[in-house]
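Notes follow the structure.
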Amino acid sequence: MLSMKNGNETEPEPVITLIRRHLDRYPESSFHDVYKLLHQAAFGPGHLVDNKKKALEWIERDLDEPGPTAIPLAESIHPAGDIVRLHLRPYAAQRGNLRRLRDAFVASAEAVTGAPDLMATWWAAFCDWVEAENPARAGFDLREMRLFGGMWGAKQWPAEHHSPAYRSAYRPAYRVLAAPIAADLCRAQGIVFEPI
């Protein structure tokens with residue numbers, strides 16, 4: 001099991017660095033997209049996959065959607081680098097095996113233990129940073145963010161979709177994997193794994 005508590009993860013600086021990097025890379029992000037980033041970092045894939053056939057169909061369906069191909073294979077989405085988004089289009093372009101990817105996704109879901117208290121800490125750090133940095137800078141409504149965090153925290157931090165603006169701008173198609181599992185997946189197929 002990969003625990004999402006490695007010691008220094010409650011410190012605000014590494015998570016704010018992660019958020020800044022994300023906002024620089026994806027300037028069309030809303031605070032919902034930052035929530036999704038933090039949720040994936042805290043919970044990994046976030047759910048067990050009980051139907052491997054359906055999981056493979058979801059990957060194939062996502063690959064059928066048009067979107068950018070000249071993007072990095074993987075990006076780190078965790079302050080300590082423990083979780084990555086493996087982008088489907090560059091993976092497929094390098095002849096990555098989709099069944100192996102599905103199995104890596106299932107293994108990641110089984111290996112990562114989520115951390116609601118860590119998610120709460122990270123969301124509070126994000127809100128505090130936005131407040132200190134001037135919320136208008138990123139177009140974030142601090143009051144709405146705090147209300148959103150209170151509601152979602154009371155529900156134990158459920159998963160959230162990307163915002164429509166993010167989906168329209170970036171056409172995301174990826175799977176969230178534990179970094180060691182993603183590295184093994186790629187290495188076994190001769191694919192260079194260097195998350196940005």
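Letters A, B, ... mark the chains of the structure tokens in the order given; residue numbers begin at 1 per chain; ligand numbers begin at 1, in order shown.
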Could you give me, as a ChimeraX atom specification, the residues within 9 Å of Gln40 in chain A, counting only C-alpha atoms and dropping anything in the same chain fewer than 2 positions from it? /A:35-38,42-46,77-78,83-85,159,176
C-alpha atoms of the current selection, written as a PDB file, in the first residue's frame:
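File written: again.pdb
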```
ATOM      1  CA  TYR A  35      -9.660  20.560  -6.387  1.00  0.00           C
ATOM      2  CA  LYS A  36      -9.418  17.667  -8.854  1.00  0.00           C
ATOM      3  CA  LEU A  37      -5.621  17.931  -8.842  1.00  0.00           C
ATOM      4  CA  LEU A  38      -5.479  17.854  -5.037  1.00  0.00           C
ATOM      5  CA  ALA A  42      -4.561  12.691  -1.977  1.00  0.00           C
ATOM      6  CA  PHE A  43      -6.624   9.724  -3.189  1.00  0.00           C
ATOM      7  CA  GLY A  44      -4.836   8.456  -6.310  1.00  0.00           C
ATOM      8  CA  PRO A  45      -7.260   6.876  -8.774  1.00  0.00           C
ATOM      9  CA  GLY A  46      -9.800   7.254  -6.003  1.00  0.00           C
ATOM     10  CA  ILE A  77       0.461  15.619  -9.607  1.00  0.00           C
ATOM     11  CA  HIS A  78       1.685  14.997  -6.073  1.00  0.00           C
ATOM     12  CA  ILE A  83       1.160  10.103  -8.149  1.00  0.00           C
ATOM     13  CA  VAL A  84       1.159  10.888 -11.873  1.00  0.00           C
ATOM     14  CA  ARG A  85      -1.285  11.505 -14.678  1.00  0.00           C
ATOM     15  CA  ALA A 159     -14.256  13.113  -6.700  1.00  0.00           C
ATOM     16  CA  VAL A 176      -4.023   8.520 -12.555  1.00  0.00           C
TER      17      VAL A 176
END
```
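Here the residues within range 34-170 of chain A that DSSP labels strand (DSSP E) on the basis of the backbone are Ala74, Glu75, Ser76, Ile83, Val84, Arg85, Leu86, His87, Val112 and Thr113 of chain A.
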Keeping N, CA and C atoms, export the residues of the selection given above as an mmCIF file, in the first residue's frame.
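Saved file selection-v4.cif follows:
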```cif
data_model
loop_
_atom_site.group_PDB
_atom_site.id
_atom_site.type_symbol
_atom_site.label_atom_id
_atom_site.label_comp_id
_atom_site.auth_asym_id
_atom_site.auth_seq_id
_atom_site.Cartn_x
_atom_site.Cartn_y
_atom_site.Cartn_z
ATOM 1 N N ALA A 74 3.754 11.918 -19.108
ATOM 2 C CA ALA A 74 3.323 11.877 -17.710
ATOM 3 C C ALA A 74 3.662 13.184 -17.016
ATOM 4 N N GLU A 75 2.798 13.525 -16.067
ATOM 5 C CA GLU A 75 3.062 14.696 -15.239
ATOM 6 C C GLU A 75 2.814 14.329 -13.783
ATOM 7 N N SER A 76 3.713 14.787 -12.941
ATOM 8 C CA SER A 76 3.565 14.557 -11.518
ATOM 9 C C SER A 76 2.451 15.450 -10.983
ATOM 10 N N ILE A 83 2.295 10.357 -7.260
ATOM 11 C CA ILE A 83 1.160 10.103 -8.149
ATOM 12 C C ILE A 83 1.395 10.862 -9.449
ATOM 13 N N VAL A 84 1.017 10.241 -10.569
ATOM 14 C CA VAL A 84 1.159 10.888 -11.873
ATOM 15 C C VAL A 84 -0.138 10.761 -12.668
ATOM 16 N N ARG A 85 -0.294 11.672 -13.614
ATOM 17 C CA ARG A 85 -1.285 11.505 -14.678
ATOM 18 C C ARG A 85 -0.515 10.974 -15.878
ATOM 19 N N LEU A 86 -0.903 9.808 -16.366
ATOM 20 C CA LEU A 86 -0.305 9.238 -17.566
ATOM 21 C C LEU A 86 -1.259 9.561 -18.714
ATOM 22 N N HIS A 87 -0.809 10.386 -19.642
ATOM 23 C CA HIS A 87 -1.656 10.851 -20.737
ATOM 24 C C HIS A 87 -1.792 9.758 -21.802
ATOM 25 N N VAL A 112 -3.078 2.574 -3.436
ATOM 26 C CA VAL A 112 -3.077 3.898 -2.816
ATOM 27 C C VAL A 112 -4.172 3.998 -1.767
ATOM 28 N N THR A 113 -3.769 4.359 -0.562
ATOM 29 C CA THR A 113 -4.757 4.631 0.486
ATOM 30 C C THR A 113 -4.998 6.129 0.530
#
```
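As for CA of Asp82 in chain A and CA of Ala178 in chain A, they are spaced 6.0 Å apart.
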Please provide the set of residues having any atom within 9 Å of range 150-154 of chain A, restricted to only C-alpha atoms, with same-chain residues fewer than 5 positions apart removed, written as an MDAnalysis selection string. chainID A and resid 116 119:120 145
Just list as a PyMOL selection string whatever in chain A DSSP marks as alpha helix (DSSP H). chain A and resi 12-25+31-43+52-64+88-93+98-111+116-133+142-154+164-170+179-188
Point-to-point distance in Å for CA of Pro79 in chain A and CA of Pro12 in chain A: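 Value for the CA of Pro12 in chain A-CA of Pro79 in chain A distance: 9.7 Å.
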Which of A:Glu160, A:Leu88, A:Ala169, A:Phe148 sits closest to Asp64 in chain A [using only C-alpha atoms]: A:Leu88
Excluding Ala165 in chain A and any residue of its chain fewer than 6 positions from it, enumerate the residues within 10 Å of it, using only C-alpha atoms, and give them as number ranges by chain. A: 28-30, 33, 171
Grab the CA of Gln189 in chain A to CA of Ala92 in chain A distance for me, in Å with one decimal place. 11.7 Å
I need the residue nearest Arg100 in chain A from this list: A:Leu18, A:Leu56, A:Ala179, A:Ala173. Use only C-alpha atoms for the distance.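 For Arg100 in chain A, the nearest of the candidates is A:Leu56.
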Can you tell me, as a PyMOL selection string, what residues are no more than 8 Å from Ala104 in chain A when counting only C-alpha atoms, ignoring any on the same chain fewer than 3 positions away? chain A and resi 100-101+107-108+177+181-182+185
Next, the residues of the selection above should be written as a short mmCIF file (atom, residue, chain, number, x, y, z; two decimals), in the first residue's frame with C-alpha atoms.
```
data_model
loop_
_atom_site.label_atom_id
_atom_site.label_comp_id
_atom_site.auth_asym_id
_atom_site.auth_seq_id
_atom_site.Cartn_x
_atom_site.Cartn_y
_atom_site.Cartn_z
CA ARG A 100 -1.25 -3.26 -19.36
CA LEU A 101 -2.30 0.33 -18.70
CA ALA A 107 -3.09 -1.90 -9.29
CA SER A 108 -2.76 1.81 -8.47
CA LEU A 177 -1.37 6.03 -11.46
CA ILE A 181 3.57 1.47 -10.99
CA ALA A 182 3.60 3.87 -13.95
CA LEU A 185 4.55 -0.11 -16.81
#
```
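When only C-alpha atoms are used to measure the gap to Tyr170 in chain A, the shortest distance among A:Ile71, A:Ala132, A:Ala55, A:Val34 belongs to A:Ile71.
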Which polymer residues have any atom within 12 Å of an atom of Trp58 in chain A, counting only C-alpha atoms, with same-chain residues fewer than 2 positions away left out, as a ChimeraX atom specification? /A:49,51-56,60-65,88,98-99,101-102,105,173-175
